[in-house]
Amino acid sequence: MSPTELTIFIWGCLATASVTVALFFLRFWRLSRERLFLYFALGFVTLAANWAGLALINPPAESRHYLYVLRLLAFLLIIVGIVDKNRRSAKV
């Protein structure tokens, strides 16, 4: 089953929203130099790459799981950022 034009449009919207959120986190990181914001920004850029890849490449259903590795990486970046923040807070 191939995605419809609406599905591709929504993937593009999700990519745009992810880049926007990443830019906000980059701004917060620049102001505070808090690594958590940098990890979140990198996570959302990776999510944007996932959504853009789905929209632009439009892979067949049986090979989409390769792009989902990007989504896994994004969530791992966010988790690493949270764990890093909690470990640094516990030491203070």
# chains A, B, ... in the order shown; residues from 1 in each chain; ligands from 1
>>> residues_around(residues="Ile79 (chain A)", least_positions_apart="3", cutoff="10 Å", atoms="only C-alpha atoms", output="VMD selection string")
chain A and resid 36 39 to 40 43 73 to 76 82 to 85
>>> residues_around(residues="Phe25 (chain A)", least_positions_apart="4", cutoff="10 Å", atoms="only C-alpha atoms", output="list in words")
Val19, Thr20, Val21, Trp29, Arg30, Leu31, Leu36, Phe37, Leu38, Tyr39, Phe40, Ala41, Leu42 and Phe44 of chain A
>>> atom_distance(atom1="CA of Ser18 (chain A)", atom2="CA of Ile78 (chain A)")
13.4 Å
>>> atom_distance(atom1="CA of Ala22 (chain A)", atom2="CA of Trp51 (chain A)")
13.8 Å
>>> residues_around(residues="Ala17 (chain A)", least_positions_apart="5", cutoff="10 Å", atoms="only C-alpha atoms", output="PyMOL selection string")
chain A and resi 11-12+22-23+44+47-48
>>> write_last_selection(atoms="N, CA and C atoms", output="short mmCIF file (atom, residue, chain, number, x, y, z; two decimals), in the first residue's frame")
data_model
loop_
_atom_site.label_atom_id
_atom_site.label_comp_id
_atom_site.auth_asym_id
_atom_site.auth_seq_id
_atom_site.Cartn_x
_atom_site.Cartn_y
_atom_site.Cartn_z
N TRP A 11 3.75 14.04 6.56
CA TRP A 11 5.15 13.77 6.88
C TRP A 11 6.00 15.03 6.70
N GLY A 12 5.71 15.79 5.67
CA GLY A 12 6.43 17.06 5.46
C GLY A 12 6.13 18.05 6.57
N ALA A 22 13.50 21.98 17.08
CA ALA A 22 14.95 21.88 17.24
C ALA A 22 15.59 23.27 17.29
N LEU A 23 15.09 24.21 16.50
CA LEU A 23 15.63 25.58 16.53
C LEU A 23 15.34 26.26 17.86
N PHE A 44 15.47 16.16 17.85
CA PHE A 44 14.42 16.65 16.95
C PHE A 44 14.92 16.83 15.52
N LEU A 47 14.64 13.39 14.20
CA LEU A 47 13.24 13.10 13.86
C LEU A 47 12.83 13.78 12.56
N ALA A 48 13.30 15.00 12.35
CA ALA A 48 13.00 15.70 11.10
C ALA A 48 13.58 14.95 9.91
#
>>> atom_distance(atom1="CA of Ala15 (chain A)", atom2="CA of Arg35 (chain A)")
23.0 Å
>>> closest_residue(among="A:Phe28, A:Leu70, A:Arg33, A:Ala52", to="Leu14 (chain A)", atoms="only C-alpha atoms")
A:Ala52
>>> decode(residues="region 14-48 of chain A", atoms="N, CA and C atoms", output="short mmCIF file (atom, residue, chain, number, x, y, z; two decimals), in the first residue's frame")
data_model
loop_
_atom_site.label_atom_id
_atom_site.label_comp_id
_atom_site.auth_asym_id
_atom_site.auth_seq_id
_atom_site.Cartn_x
_atom_site.Cartn_y
_atom_site.Cartn_z
N LEU A 14 5.30 17.29 9.65
CA LEU A 14 5.99 16.79 10.84
C LEU A 14 7.48 17.12 10.79
N ALA A 15 8.09 17.02 9.61
CA ALA A 15 9.50 17.37 9.47
C ALA A 15 9.71 18.86 9.75
N THR A 16 8.82 19.70 9.23
CA THR A 16 8.93 21.14 9.47
C THR A 16 8.75 21.46 10.95
N ALA A 17 7.78 20.84 11.57
CA ALA A 17 7.55 21.08 13.00
C ALA A 17 8.74 20.62 13.83
N SER A 18 9.35 19.49 13.46
CA SER A 18 10.51 19.00 14.20
C SER A 18 11.70 19.94 14.07
N VAL A 19 11.91 20.50 12.89
CA VAL A 19 12.99 21.47 12.71
C VAL A 19 12.73 22.72 13.53
N THR A 20 11.48 23.17 13.57
CA THR A 20 11.12 24.34 14.35
C THR A 20 11.39 24.12 15.84
N VAL A 21 11.01 22.97 16.34
CA VAL A 21 11.25 22.65 17.75
C VAL A 21 12.76 22.57 18.01
N ALA A 22 13.50 21.98 17.08
CA ALA A 22 14.95 21.88 17.24
C ALA A 22 15.59 23.27 17.29
N LEU A 23 15.09 24.21 16.50
CA LEU A 23 15.63 25.58 16.53
C LEU A 23 15.34 26.26 17.86
N PHE A 24 14.17 26.00 18.43
CA PHE A 24 13.87 26.56 19.76
C PHE A 24 14.83 26.00 20.80
N PHE A 25 15.06 24.68 20.77
CA PHE A 25 15.98 24.09 21.74
C PHE A 25 17.41 24.59 21.53
N LEU A 26 17.80 24.81 20.28
CA LEU A 26 19.13 25.37 20.03
C LEU A 26 19.26 26.78 20.60
N ARG A 27 18.19 27.55 20.50
CA ARG A 27 18.22 28.89 21.08
C ARG A 27 18.35 28.83 22.59
N PHE A 28 17.60 27.93 23.23
CA PHE A 28 17.71 27.79 24.68
C PHE A 28 19.09 27.30 25.08
N TRP A 29 19.67 26.40 24.27
CA TRP A 29 21.02 25.91 24.57
C TRP A 29 22.04 27.04 24.45
N ARG A 30 21.89 27.86 23.44
CA ARG A 30 22.82 28.97 23.24
C ARG A 30 22.77 29.96 24.40
N LEU A 31 21.59 30.17 24.95
CA LEU A 31 21.45 31.10 26.06
C LEU A 31 21.95 30.53 27.38
N SER A 32 21.70 29.23 27.60
CA SER A 32 22.02 28.66 28.91
C SER A 32 23.21 27.72 28.91
N ARG A 33 23.62 27.22 27.77
CA ARG A 33 24.70 26.23 27.64
C ARG A 33 24.39 24.95 28.42
N GLU A 34 23.11 24.64 28.55
CA GLU A 34 22.66 23.42 29.21
C GLU A 34 22.63 22.30 28.16
N ARG A 35 23.38 21.23 28.43
CA ARG A 35 23.51 20.15 27.45
C ARG A 35 22.19 19.47 27.14
N LEU A 36 21.26 19.47 28.08
CA LEU A 36 19.95 18.85 27.84
C LEU A 36 19.29 19.44 26.61
N PHE A 37 19.35 20.76 26.46
CA PHE A 37 18.75 21.41 25.30
C PHE A 37 19.44 21.00 24.00
N LEU A 38 20.74 20.80 24.06
CA LEU A 38 21.47 20.36 22.87
C LEU A 38 21.06 18.95 22.46
N TYR A 39 20.93 18.06 23.44
CA TYR A 39 20.48 16.70 23.15
C TYR A 39 19.07 16.70 22.56
N PHE A 40 18.20 17.52 23.11
CA PHE A 40 16.84 17.60 22.56
C PHE A 40 16.85 18.14 21.14
N ALA A 41 17.68 19.16 20.89
CA ALA A 41 17.76 19.72 19.53
C ALA A 41 18.25 18.67 18.55
N LEU A 42 19.28 17.92 18.92
CA LEU A 42 19.78 16.86 18.05
C LEU A 42 18.74 15.77 17.83
N GLY A 43 18.00 15.45 18.88
CA GLY A 43 16.94 14.46 18.75
C GLY A 43 15.86 14.90 17.77
N PHE A 44 15.47 16.16 17.85
CA PHE A 44 14.42 16.65 16.95
C PHE A 44 14.92 16.83 15.52
N VAL A 45 16.19 17.14 15.33
CA VAL A 45 16.75 17.19 13.98
C VAL A 45 16.74 15.79 13.37
N THR A 46 17.06 14.79 14.19
CA THR A 46 17.03 13.41 13.71
C THR A 46 15.60 12.97 13.38
N LEU A 47 14.64 13.39 14.20
CA LEU A 47 13.24 13.10 13.86
C LEU A 47 12.83 13.78 12.56
N ALA A 48 13.30 15.00 12.35
CA ALA A 48 13.00 15.70 11.10
C ALA A 48 13.58 14.95 9.91
#
